[in-house]
>>> print(open('model.txt').read())   # compact mmCIF, C-alpha atoms
# COMPACT_ATOMS: atom_id res chain seq x y z
CA MET C 271 13.25 -6.16 4.06
CA ARG C 272 11.51 -3.63 1.86
CA ASN C 273 13.29 -4.41 -1.39
CA ASP C 274 10.91 -7.12 -2.57
CA TYR C 275 8.06 -7.48 -0.09
CA MET C 276 6.74 -6.18 3.17
CA THR C 277 6.47 -7.92 6.53
CA LEU C 278 5.01 -6.77 9.80
CA PRO C 279 7.52 -5.32 12.26
CA GLY C 280 8.57 -7.73 14.97
CA ILE C 281 7.56 -10.80 12.98
CA THR C 282 10.18 -11.49 10.35
CA THR C 283 13.11 -9.71 11.93
CA GLY C 284 13.70 -12.66 14.23
CA SER C 285 13.37 -10.84 17.54
CA GLY C 286 11.06 -13.48 18.99
CA GLN C 287 8.09 -11.18 19.42
CA LEU C 288 5.53 -13.94 19.12
CA ARG C 289 2.91 -11.75 20.75
CA TRP C 290 2.56 -9.83 17.47
CA LEU C 291 1.61 -13.00 15.66
CA LEU C 292 -0.72 -14.11 18.43
CA ALA C 293 -2.39 -10.72 18.48
CA LEU C 294 -2.94 -10.85 14.75
CA LEU C 295 -4.32 -14.36 14.97
CA VAL C 296 -6.77 -13.09 17.56
CA LEU C 297 -7.76 -10.38 15.12
CA VAL C 298 -8.26 -12.96 12.40
CA CYS C 299 -10.32 -15.26 14.59
CA GLY C 300 -12.05 -12.57 16.61
CA SER C 301 -14.86 -10.23 15.71
CA THR C 302 -15.06 -11.06 12.02
CA GLY C 303 -14.38 -14.77 12.46
CA ILE C 304 -12.65 -17.05 9.99
CA ALA C 305 -14.57 -17.50 6.78
CA VAL C 306 -14.58 -21.09 5.57
CA ALA C 307 -15.34 -21.27 1.86
CA LYS C 308 -16.51 -24.43 0.14
CA PRO C 309 -14.00 -25.99 -2.26
CA PRO C 310 -14.74 -25.69 -5.98
CA PRO C 311 -16.77 -28.53 -7.52
CA PRO C 312 -14.95 -31.45 -9.16
CA GLY C 313 -13.63 -30.57 -12.60
CA ALA C 314 -13.82 -26.82 -11.96
CA THR C 315 -10.94 -24.71 -13.26
CA ILE C 316 -9.93 -21.08 -13.35
CA ALA C 317 -7.59 -21.61 -16.30
CA PRO C 318 -9.77 -19.68 -18.82
CA MET C 319 -9.84 -16.66 -16.52
CA LEU C 320 -6.08 -16.82 -15.95
CA GLU C 321 -5.39 -16.95 -19.68
CA LYS C 322 -6.86 -13.44 -19.89
CA VAL C 323 -5.24 -12.15 -16.69
CA LEU C 324 -1.66 -13.41 -16.84
CA PRO C 325 -0.54 -11.22 -19.80
CA ALA C 326 -1.29 -8.18 -17.61
CA VAL C 327 1.07 -9.32 -14.82
CA VAL C 328 4.74 -8.36 -15.10
CA ASN C 329 8.01 -9.10 -13.37
CA ILE C 330 9.94 -6.09 -12.10
CA SER C 331 13.67 -6.12 -11.42
CA THR C 332 15.56 -3.11 -10.12
CA ARG C 333 19.18 -2.14 -9.85
CA THR C 334 20.49 0.39 -7.36
CA ARG C 335 24.05 1.72 -7.44
CA THR C 336 25.74 2.71 -4.19
CA LYS C 337 29.29 3.79 -3.46
CA THR C 338 31.25 2.53 -0.50
CA VAL C 339 31.90 5.18 2.13
CA ARG C 340 35.55 6.06 2.66
CA HIS C 341 37.22 7.95 5.47
CA PRO C 342 37.90 11.58 4.42
CA LEU C 343 41.64 11.15 5.11
CA LEU C 344 41.85 8.68 2.23
CA ASP C 345 41.07 11.55 -0.13
CA ASP C 346 44.07 13.55 1.18
CA PRO C 347 47.06 13.11 -1.24
CA PHE C 348 49.61 13.84 1.51
CA PHE C 349 48.07 11.23 3.82
CA ARG C 350 48.06 8.60 1.06
CA HIS C 351 51.66 9.40 0.11
CA PHE C 352 52.92 9.33 3.72
CA PHE C 353 51.37 5.93 4.43
CA ASP C 354 51.88 4.62 0.90
CA ILE C 355 48.16 4.08 0.28
CA PRO C 356 47.11 3.67 -3.38
CA ASP C 357 44.63 6.20 -4.80
CA ALA C 358 41.62 3.85 -4.85
CA ARG C 359 38.36 5.65 -5.36
CA GLY C 360 35.20 4.55 -3.58
CA ARG C 361 33.98 1.37 -5.19
CA GLU C 362 30.50 1.22 -6.65
CA ARG C 363 28.24 -1.58 -5.51
CA GLN C 364 25.06 -2.71 -7.19
CA LYS C 365 21.99 -3.92 -5.36
CA GLN C 366 19.30 -5.88 -7.19
CA SER C 367 15.77 -6.74 -6.17
CA LEU C 368 12.72 -8.41 -7.65
CA GLY C 369 9.03 -7.71 -7.46
CA SER C 370 5.84 -7.79 -9.48
CA GLY C 371 3.46 -5.36 -11.11
CA VAL C 372 0.19 -5.17 -13.01
CA ILE C 373 -0.60 -3.31 -16.23
CA VAL C 374 -3.53 -0.97 -15.61
CA ASP C 375 -3.50 1.12 -18.80
CA ALA C 376 -2.39 -0.60 -22.01
CA ALA C 377 -2.50 2.54 -24.18
CA LYS C 378 -0.27 4.58 -21.85
CA GLY C 379 1.86 1.65 -20.70
CA TYR C 380 1.04 2.30 -17.04
CA ILE C 381 2.07 -0.36 -14.52
CA LEU C 382 1.07 -0.32 -10.87
CA THR C 383 3.40 -1.78 -8.24
CA ASN C 384 4.54 -1.16 -4.67
CA HIS C 385 6.66 1.83 -3.72
CA HIS C 386 9.06 -0.40 -1.80
CA VAL C 387 9.68 -2.50 -4.94
CA ILE C 388 11.19 0.43 -6.87
CA GLU C 389 12.31 2.68 -4.01
CA GLY C 390 15.68 4.27 -4.73
CA ALA C 391 16.16 2.28 -7.95
CA ASP C 392 18.48 3.66 -10.62
CA GLU C 393 17.20 1.21 -13.21
CA ILE C 394 13.83 -0.53 -13.48
CA THR C 395 13.39 -3.44 -15.90
CA VAL C 396 9.96 -4.86 -16.73
CA THR C 397 9.59 -8.36 -18.16
CA LEU C 398 6.28 -9.26 -19.79
CA ARG C 399 4.74 -12.70 -19.93
CA ASP C 400 5.91 -13.08 -23.55
CA GLN C 401 9.48 -12.41 -22.25
CA ARG C 402 9.80 -8.98 -23.84
CA GLN C 403 11.85 -6.65 -21.65
CA PHE C 404 11.61 -2.88 -21.30
CA THR C 405 13.26 -0.20 -19.23
CA ALA C 406 10.56 1.58 -17.23
CA GLU C 407 10.40 5.22 -16.24
CA MET C 408 8.95 6.51 -13.00
CA VAL C 409 5.63 8.33 -13.21
CA GLY C 410 5.10 8.83 -9.49
CA SER C 411 5.22 7.17 -6.12
CA ASP C 412 3.44 7.38 -2.78
CA PRO C 413 5.25 5.83 0.20
CA GLU C 414 2.32 6.57 2.54
CA VAL C 415 0.17 3.96 0.77
CA ASP C 416 3.13 2.02 -0.70
CA LEU C 417 2.11 2.38 -4.33
CA ALA C 418 4.09 3.44 -7.38
CA LEU C 419 3.20 4.04 -11.02
CA ILE C 420 5.76 3.29 -13.72
CA ARG C 421 5.52 3.40 -17.51
CA ILE C 422 6.91 1.43 -20.42
CA LYS C 423 6.75 2.11 -24.15
CA ALA C 424 5.42 -1.09 -25.66
CA ARG C 425 2.79 -2.32 -28.07
CA ASP C 426 0.20 -5.07 -27.68
CA LEU C 427 -0.13 -4.71 -23.93
CA VAL C 428 -2.99 -6.20 -21.96
CA ALA C 429 -4.43 -4.25 -19.02
CA LEU C 430 -6.34 -5.63 -16.06
CA PRO C 431 -9.73 -4.04 -15.31
CA VAL C 432 -10.17 -2.73 -11.77
CA ALA C 433 -13.14 -4.04 -9.78
CA ASP C 434 -15.13 -2.17 -7.14
CA SER C 435 -13.24 -3.36 -4.09
CA ASP C 436 -16.01 -2.05 -1.82
CA ALA C 437 -18.13 -4.90 -3.16
CA VAL C 438 -15.61 -7.55 -2.01
CA ARG C 439 -16.92 -9.79 0.78
CA VAL C 440 -15.25 -12.01 3.32
CA GLY C 441 -15.30 -15.50 1.83
CA ASP C 442 -14.92 -14.41 -1.81
CA PHE C 443 -12.47 -16.53 -3.79
CA VAL C 444 -9.37 -14.64 -4.95
CA VAL C 445 -6.15 -15.38 -6.81
CA ALA C 446 -2.75 -13.83 -6.05
CA ILE C 447 -0.29 -13.60 -8.94
CA GLY C 448 3.37 -12.64 -8.85
CA SER C 449 6.96 -13.80 -9.10
CA PRO C 450 7.86 -15.27 -5.69
CA PHE C 451 11.58 -15.84 -5.16
CA GLY C 452 12.18 -14.87 -8.79
CA LEU C 453 10.43 -17.98 -10.11
CA GLY C 454 8.38 -16.11 -12.70
CA GLN C 455 4.62 -15.92 -12.83
CA THR C 456 3.06 -18.02 -10.08
CA VAL C 457 -0.63 -18.33 -9.21
CA THR C 458 -2.00 -19.06 -5.75
CA TYR C 459 -5.63 -19.45 -4.73
CA GLY C 460 -7.55 -18.61 -1.57
CA ILE C 461 -10.31 -16.51 -0.06
CA VAL C 462 -10.75 -13.05 1.37
CA SER C 463 -10.15 -13.60 5.09
CA ALA C 464 -11.00 -10.11 6.36
CA LEU C 465 -11.58 -6.55 5.19
CA GLY C 466 -10.53 -3.12 6.41
CA ARG C 467 -7.43 -4.24 8.29
CA SER C 468 -5.71 -1.19 9.78
CA GLY C 469 -3.54 -0.22 12.72
CA LEU C 470 -0.85 -2.72 11.69
CA GLY C 471 1.90 -0.12 11.40
CA ILE C 472 2.85 -1.11 7.87
CA GLU C 473 1.89 2.07 6.02
CA GLY C 474 0.64 5.54 6.80
CA TYR C 475 -2.78 4.78 5.32
CA GLU C 476 -4.09 1.24 5.88
CA ASP C 477 -7.30 -0.38 4.71
CA PHE C 478 -6.02 -3.81 3.74
CA ILE C 479 -7.80 -6.78 2.24
CA GLN C 480 -6.56 -9.85 4.11
CA THR C 481 -6.26 -13.15 2.24
CA ASP C 482 -4.99 -16.65 2.80
CA ALA C 483 -3.85 -16.95 -0.82
CA SER C 484 -0.14 -17.71 -0.58
CA ILE C 485 1.98 -14.54 -0.89
CA ASN C 486 5.77 -14.79 -0.70
CA PRO C 487 8.84 -12.61 -1.29
CA GLY C 488 8.67 -11.31 -4.86
CA ASN C 489 4.87 -11.14 -4.91
CA SER C 490 4.87 -7.49 -3.87
CA GLY C 491 3.11 -5.28 -6.40
CA GLY C 492 1.34 -8.20 -8.07
CA PRO C 493 -2.44 -8.32 -8.40
CA LEU C 494 -5.08 -9.93 -6.24
CA VAL C 495 -7.91 -10.78 -8.65
CA ASN C 496 -11.46 -12.06 -8.32
CA MET C 497 -13.04 -14.89 -10.26
CA ASN C 498 -14.01 -12.48 -13.03
CA GLY C 499 -10.36 -11.67 -13.66
CA GLU C 500 -10.60 -8.15 -12.21
CA LEU C 501 -8.10 -6.41 -9.96
CA VAL C 502 -9.41 -6.19 -6.40
CA GLY C 503 -6.11 -5.43 -4.67
CA VAL C 504 -2.33 -4.99 -4.94
CA ASN C 505 -0.39 -7.54 -2.88
CA THR C 506 1.79 -5.73 -0.35
CA ALA C 507 2.59 -7.47 2.91
CA ILE C 508 2.66 -10.79 4.74
CA VAL C 509 2.83 -12.03 8.29
CA GLY C 510 5.48 -14.72 8.59
CA PRO C 511 7.89 -15.46 11.45
CA SER C 512 10.59 -16.58 8.99
CA GLY C 513 9.66 -14.42 6.01
CA GLY C 514 7.54 -17.14 4.39
CA ASN C 515 3.82 -17.53 3.91
CA ILE C 516 1.61 -18.75 6.76
CA GLY C 517 -1.70 -17.75 5.21
CA ILE C 518 -1.91 -14.13 6.34
CA GLY C 519 -1.33 -11.72 3.49
CA PHE C 520 -2.47 -8.16 2.83
CA ALA C 521 -3.41 -6.27 -0.31
CA ILE C 522 -4.17 -2.59 -0.94
CA PRO C 523 -7.82 -2.34 -2.12
CA GLY C 524 -8.37 -1.64 -5.81
CA ASN C 525 -10.48 1.46 -5.14
CA MET C 526 -7.72 3.02 -3.06
CA ALA C 527 -5.15 2.08 -5.71
CA SER C 528 -7.28 3.71 -8.44
CA VAL C 529 -7.46 7.02 -6.58
CA ILE C 530 -3.73 7.02 -5.85
CA MET C 531 -2.96 6.11 -9.47
CA GLN C 532 -4.97 9.10 -10.69
CA HIS C 533 -3.01 11.42 -8.39
CA LEU C 534 0.30 9.96 -9.54
CA SER C 535 -0.54 10.13 -13.25
CA GLU C 536 -1.52 13.80 -12.97
CA HIS C 537 1.02 15.16 -10.49
CA GLY C 538 3.66 12.47 -9.91
CA GLU C 539 2.73 12.54 -6.24
CA VAL C 540 -0.31 12.49 -3.98
CA ARG C 541 -1.38 15.98 -2.95
CA ARG C 542 -3.33 15.24 0.19
CA GLY C 543 -5.56 17.75 1.85
CA GLN C 544 -6.47 17.91 5.49
CA LEU C 545 -9.47 18.62 7.68
CA GLY C 546 -7.57 19.78 10.75
CA ILE C 547 -8.75 17.41 13.48
CA ALA C 548 -7.38 14.73 15.78
CA VAL C 549 -9.72 11.77 16.22
CA GLN C 550 -10.02 8.49 18.08
CA ASP C 551 -12.28 5.46 17.85
CA LEU C 552 -15.70 5.55 19.47
CA THR C 553 -15.16 2.82 22.07
CA PRO C 554 -18.02 1.29 24.07
CA GLU C 555 -16.75 3.21 27.10
CA LEU C 556 -16.84 6.53 25.24
CA ALA C 557 -20.26 5.74 23.79
CA GLN C 558 -21.56 5.08 27.30
CA ALA C 559 -19.97 8.28 28.61
CA PHE C 560 -21.60 10.28 25.81
CA GLY C 561 -24.91 8.47 26.30
CA LEU C 562 -24.86 7.13 22.75
CA GLU C 563 -26.16 3.87 21.34
CA GLN C 564 -23.90 4.36 18.32
CA ARG C 565 -21.13 1.75 18.10
CA GLY C 566 -19.20 3.10 15.12
CA GLY C 567 -17.64 6.46 14.38
CA ALA C 568 -14.68 8.73 15.01
CA VAL C 569 -14.62 10.98 18.07
CA VAL C 570 -13.15 14.44 17.50
CA ALA C 571 -10.50 14.89 20.19
CA ARG C 572 -9.08 18.20 18.98
CA VAL C 573 -9.87 20.82 16.35
CA THR C 574 -6.99 22.88 14.95
CA THR C 575 -7.46 26.63 15.14
CA GLY C 576 -8.19 28.16 11.76
CA SER C 577 -8.61 24.76 10.09
CA ALA C 578 -11.27 23.62 7.65
CA ALA C 579 -12.85 21.67 10.51
CA GLU C 580 -13.16 24.77 12.69
CA GLN C 581 -14.67 26.73 9.82
CA ALA C 582 -17.18 23.92 9.29
CA GLY C 583 -18.23 24.12 12.95
CA LEU C 584 -16.76 20.86 14.25
CA ARG C 585 -16.13 20.73 18.00
CA SER C 586 -14.24 18.47 20.36
CA GLY C 587 -16.53 15.66 21.46
CA ASP C 588 -18.42 15.49 18.16
CA VAL C 589 -18.70 11.98 16.72
CA ILE C 590 -18.33 11.74 12.94
CA VAL C 591 -20.51 8.84 11.78
CA THR C 592 -20.79 9.45 8.01
CA LEU C 593 -18.75 11.13 5.29
CA ASP C 594 -20.66 11.95 2.10
CA GLY C 595 -23.25 9.36 3.10
CA ARG C 596 -20.70 6.60 3.72
CA ALA C 597 -20.60 5.13 7.22
CA ILE C 598 -17.42 5.81 9.21
CA THR C 599 -16.43 2.84 11.35
CA GLY C 600 -13.52 4.41 13.23
CA SER C 601 -10.62 6.84 13.25
CA SER C 602 -8.55 4.89 10.68
CA ASP C 603 -11.53 4.71 8.35
CA LEU C 604 -11.97 8.49 8.52
CA ARG C 605 -8.24 9.13 8.08
CA ASN C 606 -8.15 6.94 4.97
CA ALA C 607 -11.18 8.66 3.50
CA ILE C 608 -9.82 12.17 4.09
CA GLY C 609 -6.33 11.16 2.90
CA LEU C 610 -7.63 10.27 -0.56
CA LEU C 611 -9.42 13.58 -1.14
CA ARG C 612 -8.00 16.44 -3.15
CA VAL C 613 -7.51 19.94 -1.81
CA GLY C 614 -10.70 21.92 -2.42
CA THR C 615 -13.03 18.91 -2.27
CA ARG C 616 -16.36 19.68 -0.59
CA ILE C 617 -17.53 17.07 1.91
CA ARG C 618 -20.65 16.44 3.94
CA MET C 619 -20.27 15.02 7.43
CA GLY C 620 -22.94 13.41 9.53
CA ILE C 621 -22.16 13.93 13.21
CA LEU C 622 -23.58 13.26 16.65
CA ARG C 623 -23.37 16.13 19.13
CA LYS C 624 -24.79 15.53 22.59
CA GLY C 625 -27.06 12.86 21.16
CA LYS C 626 -28.38 15.01 18.32
CA GLN C 627 -27.75 14.33 14.65
CA LEU C 628 -26.27 17.19 12.63
CA THR C 629 -24.93 17.66 9.13
CA LEU C 630 -21.85 19.83 8.60
CA ARG C 631 -20.11 20.79 5.38
CA ALA C 632 -16.41 21.45 4.93
CA VAL C 633 -13.85 22.12 2.20
CA ILE C 634 -10.64 20.07 2.35
CA ALA C 635 -7.70 22.46 2.84
CA ALA C 636 -4.05 22.27 1.86
CA PRO C 637 -1.57 21.24 4.57
CA ALA C 638 0.03 24.10 6.49
CA GLY C 639 2.89 25.70 4.59
CA GLN C 640 1.61 24.76 1.13
>>> encode(input="model.txt", output="structure tokens")
Amino acid sequence: MRNDYMTLPGITTGSGQLRWLLALLVLVCGSTGIAVAKPPPPGATIAPMLEKVLPAVVNISTRTRTKTVRHPLLDDPFFRHFFDIPDARGRERQKQSLGSGVIVDAAKGYILTNHHVIEGADEITVTLRDQRQFTAEMVGSDPEVDLALIRIKARDLVALPVADSDAVRVGDFVVAIGSPFGLGQTVTYGIVSALGRSGLGIEGYEDFIQTDASINPGNSGGPLVNMNGELVGVNTAIVGPSGGNIGIGFAIPGNMASVIMQHLSEHGEVRRGQLGIAVQDLTPELAQAFGLEQRGGAVVARVTTGSAAEQAGLRSGDVIVTLDGRAITGSSDLRNAIGLLRVGTRIRMGILRKGKQLTLRAVIAAPAGQ
């Protein structure tokens, strides 16, 4: 069900795979724990903040035209004449879907939403809070992160500032805004439940902010904002056995969205580079085998011949612990970091090799064949 929101495989398709949900609940309650935030004081309100934010949130409706598939014999005049079949051409069907979006550049009319909201659409209509409607044009889309950038030509737009999502903490209050079930702008309130969620199999690059703010079908592409009215994430997916909210929602971090948006605005696509390695998490067992006290990092399992990694001097068994001074927690963390870099970017890697700390430098290369 990618036309208006995302759900985890095996959860909302009704196959009874309860173990997925149980596993995710273990993740929620496990190493990071469940953050319990204090309720706001009596008389507190976020209405003033929302008055500034809501004009930047839009409703997105799409229309996709498809033709019914006919058997080739029906296009044969002799066959139709022999069996007295009327010359009925393939009928055109229209598919409609709803989603949300957030204005990120008022001057250019840029709106950020999910790729799956506008995927394959022949017509994209944007409705503003003041009920003005515009036909949007596609600027670019990235299915690997599930983000898309569209544009409208309109005056008096209000854009939402993007916060530093790296500064978000578990327990921070957040607000999810969107158009669930086509009801128009709806606001839900909650906390950040976890950070850096990955390995869920939703997208190619995952670094989700998890929240218990209610997210439902139609919320996809809408903003997750902090109490300062800044964008901290783009609502993307939920866990729900019946497609509804159970308090486990996921948003793409604002910092990741900003980088992707820059790629899309310049090229219409994300031109990812590559380092040329296969990595895995540094597990306690591997750390013990390598004689390391380090508990975070990505172990290099394979180095591609002739790659940027080989030229930099990386070897199998090296443990990458930092990238440009930023700590690397695991293989997904490294993959996300590399996947957002442009071809030609120079990077500095801190590694552990046989217990010794080394610094290697590499230049991100273009994928093979480009």
>>> residues_near_point(input="model.txt", point="(-18.0, 12.7, 22.0)", cutoff="10 Å", atoms="only C-alpha atoms", output="list in words")
Gln550, Leu552, Leu556, Ala557, Gln558, Ala559, Phe560, Gly561, Leu562, Gly567, Ala568, Val569, Val570, Ala571, Arg585, Ser586, Gly587, Asp588, Val589, Ile590, Ile621, Leu622, Arg623, Lys624 and Gly625 of chain C
>>> closest_residue(input="model.txt", among="C:Ile617, C:Val323, C:Val328, C:Val573", to="C:Val549", atoms="only C-alpha atoms")
C:Val573
>>> closest_residue(input="model.txt", among="C:Glu321, C:Asp442, C:Asp375, C:Glu393", to="C:Lys423", atoms="only C-alpha atoms")
C:Asp375
>>> closest_residue(input="model.txt", among="C:Thr405, C:Ser468, C:Thr458, C:Asn496", to="C:Phe443", atoms="only C-alpha atoms")
C:Asn496
>>> closest_residue(input="model.txt", among="C:Asp436, C:Glu536, C:Glu555, C:Glu414", to="C:Leu465", atoms="all atoms listed in the file")
C:Asp436
>>> closest_residue(input="model.txt", among="C:Ile447, C:Val540, C:Leu453, C:Ala391", to="C:Asn505", atoms="only C-alpha atoms")
C:Ile447
>>> residues_near_point(input="model.txt", point="(0.8, -6.8, 4.1)", cutoff="6 Å", atoms="only C-alpha atoms", output="VMD selection string")
chain C and resid 506 to 508 519 to 520
>>> atom_distance(input="model.txt", atom1="atom CA of C:Ile479", atom2="atom CA of C:Ala521")
5.1 Å
>>> atom_distance(input="model.txt", atom1="atom CA of C:Gly546", atom2="atom CA of C:Asp603")
15.8 Å
>>> atom_distance(input="model.txt", atom1="atom CA of C:Ile381", atom2="atom CA of C:Arg541")
20.3 Å
>>> residues_around(input="model.txt", residues="C:Gly566", least_positions_apart="3", cutoff="8 Å", atoms="only C-alpha atoms", output="PyMOL selection string")
chain C and resi 551-552+591+598-600
>>> closest_residue(input="model.txt", among="C:Leu427, C:Val374, C:Ala578, C:Ala314", to="C:Glu500", atoms="all atoms listed in the file")
C:Val374
>>> residues_around(input="model.txt", residues="C:Ala636", least_positions_apart="5", cutoff="7 Å", atoms="only C-alpha atoms", output="PyMOL selection string")
chain C and resi 543-544+613
>>> residues_around(input="model.txt", residues="C:Gly454", least_positions_apart="3", cutoff="9 Å", atoms="all atoms listed in the file", output="count of residues only")
7
>>> residues_around(input="model.txt", residues="C:His533", least_positions_apart="5", cutoff="12 Å", atoms="only C-alpha atoms", output="tab-separated table (two decimals) with C-alpha atoms, in the coordinates of the input")
chain	number	residue	atom	x	y	z
C	409	VAL	CA	5.63	8.33	-13.21
C	410	GLY	CA	5.10	8.83	-9.49
C	411	SER	CA	5.22	7.17	-6.12
C	412	ASP	CA	3.44	7.38	-2.78
C	417	LEU	CA	2.11	2.38	-4.33
C	418	ALA	CA	4.09	3.44	-7.38
C	419	LEU	CA	3.20	4.04	-11.02
C	526	MET	CA	-7.72	3.02	-3.06
C	527	ALA	CA	-5.15	2.08	-5.71
C	528	SER	CA	-7.28	3.71	-8.44
C	538	GLY	CA	3.66	12.47	-9.91
C	539	GLU	CA	2.73	12.54	-6.24
C	540	VAL	CA	-0.31	12.49	-3.98
C	541	ARG	CA	-1.38	15.98	-2.95
C	542	ARG	CA	-3.33	15.24	0.19
C	609	GLY	CA	-6.33	11.16	2.90
C	610	LEU	CA	-7.63	10.27	-0.56
C	611	LEU	CA	-9.42	13.58	-1.14
C	612	ARG	CA	-8.00	16.44	-3.15
C	613	VAL	CA	-7.51	19.94	-1.81
>>> residues_around(input="model.txt", residues="C:Leu630", least_positions_apart="3", cutoff="9 Å", atoms="all atoms listed in the file", output="PyMOL selection string")
chain C and resi 582-584+617-621
>>> write_last_selection(input="model.txt", atoms="C-alpha atoms", output="short mmCIF file (atom, residue, chain, number, x, y, z; two decimals), in the coordinates of the input")
data_model
loop_
_atom_site.label_atom_id
_atom_site.label_comp_id
_atom_site.auth_asym_id
_atom_site.auth_seq_id
_atom_site.Cartn_x
_atom_site.Cartn_y
_atom_site.Cartn_z
CA ALA C 582 -17.18 23.92 9.29
CA GLY C 583 -18.23 24.12 12.95
CA LEU C 584 -16.76 20.86 14.25
CA ILE C 617 -17.53 17.07 1.91
CA ARG C 618 -20.65 16.44 3.94
CA MET C 619 -20.27 15.02 7.43
CA GLY C 620 -22.94 13.41 9.53
CA ILE C 621 -22.16 13.93 13.21
#
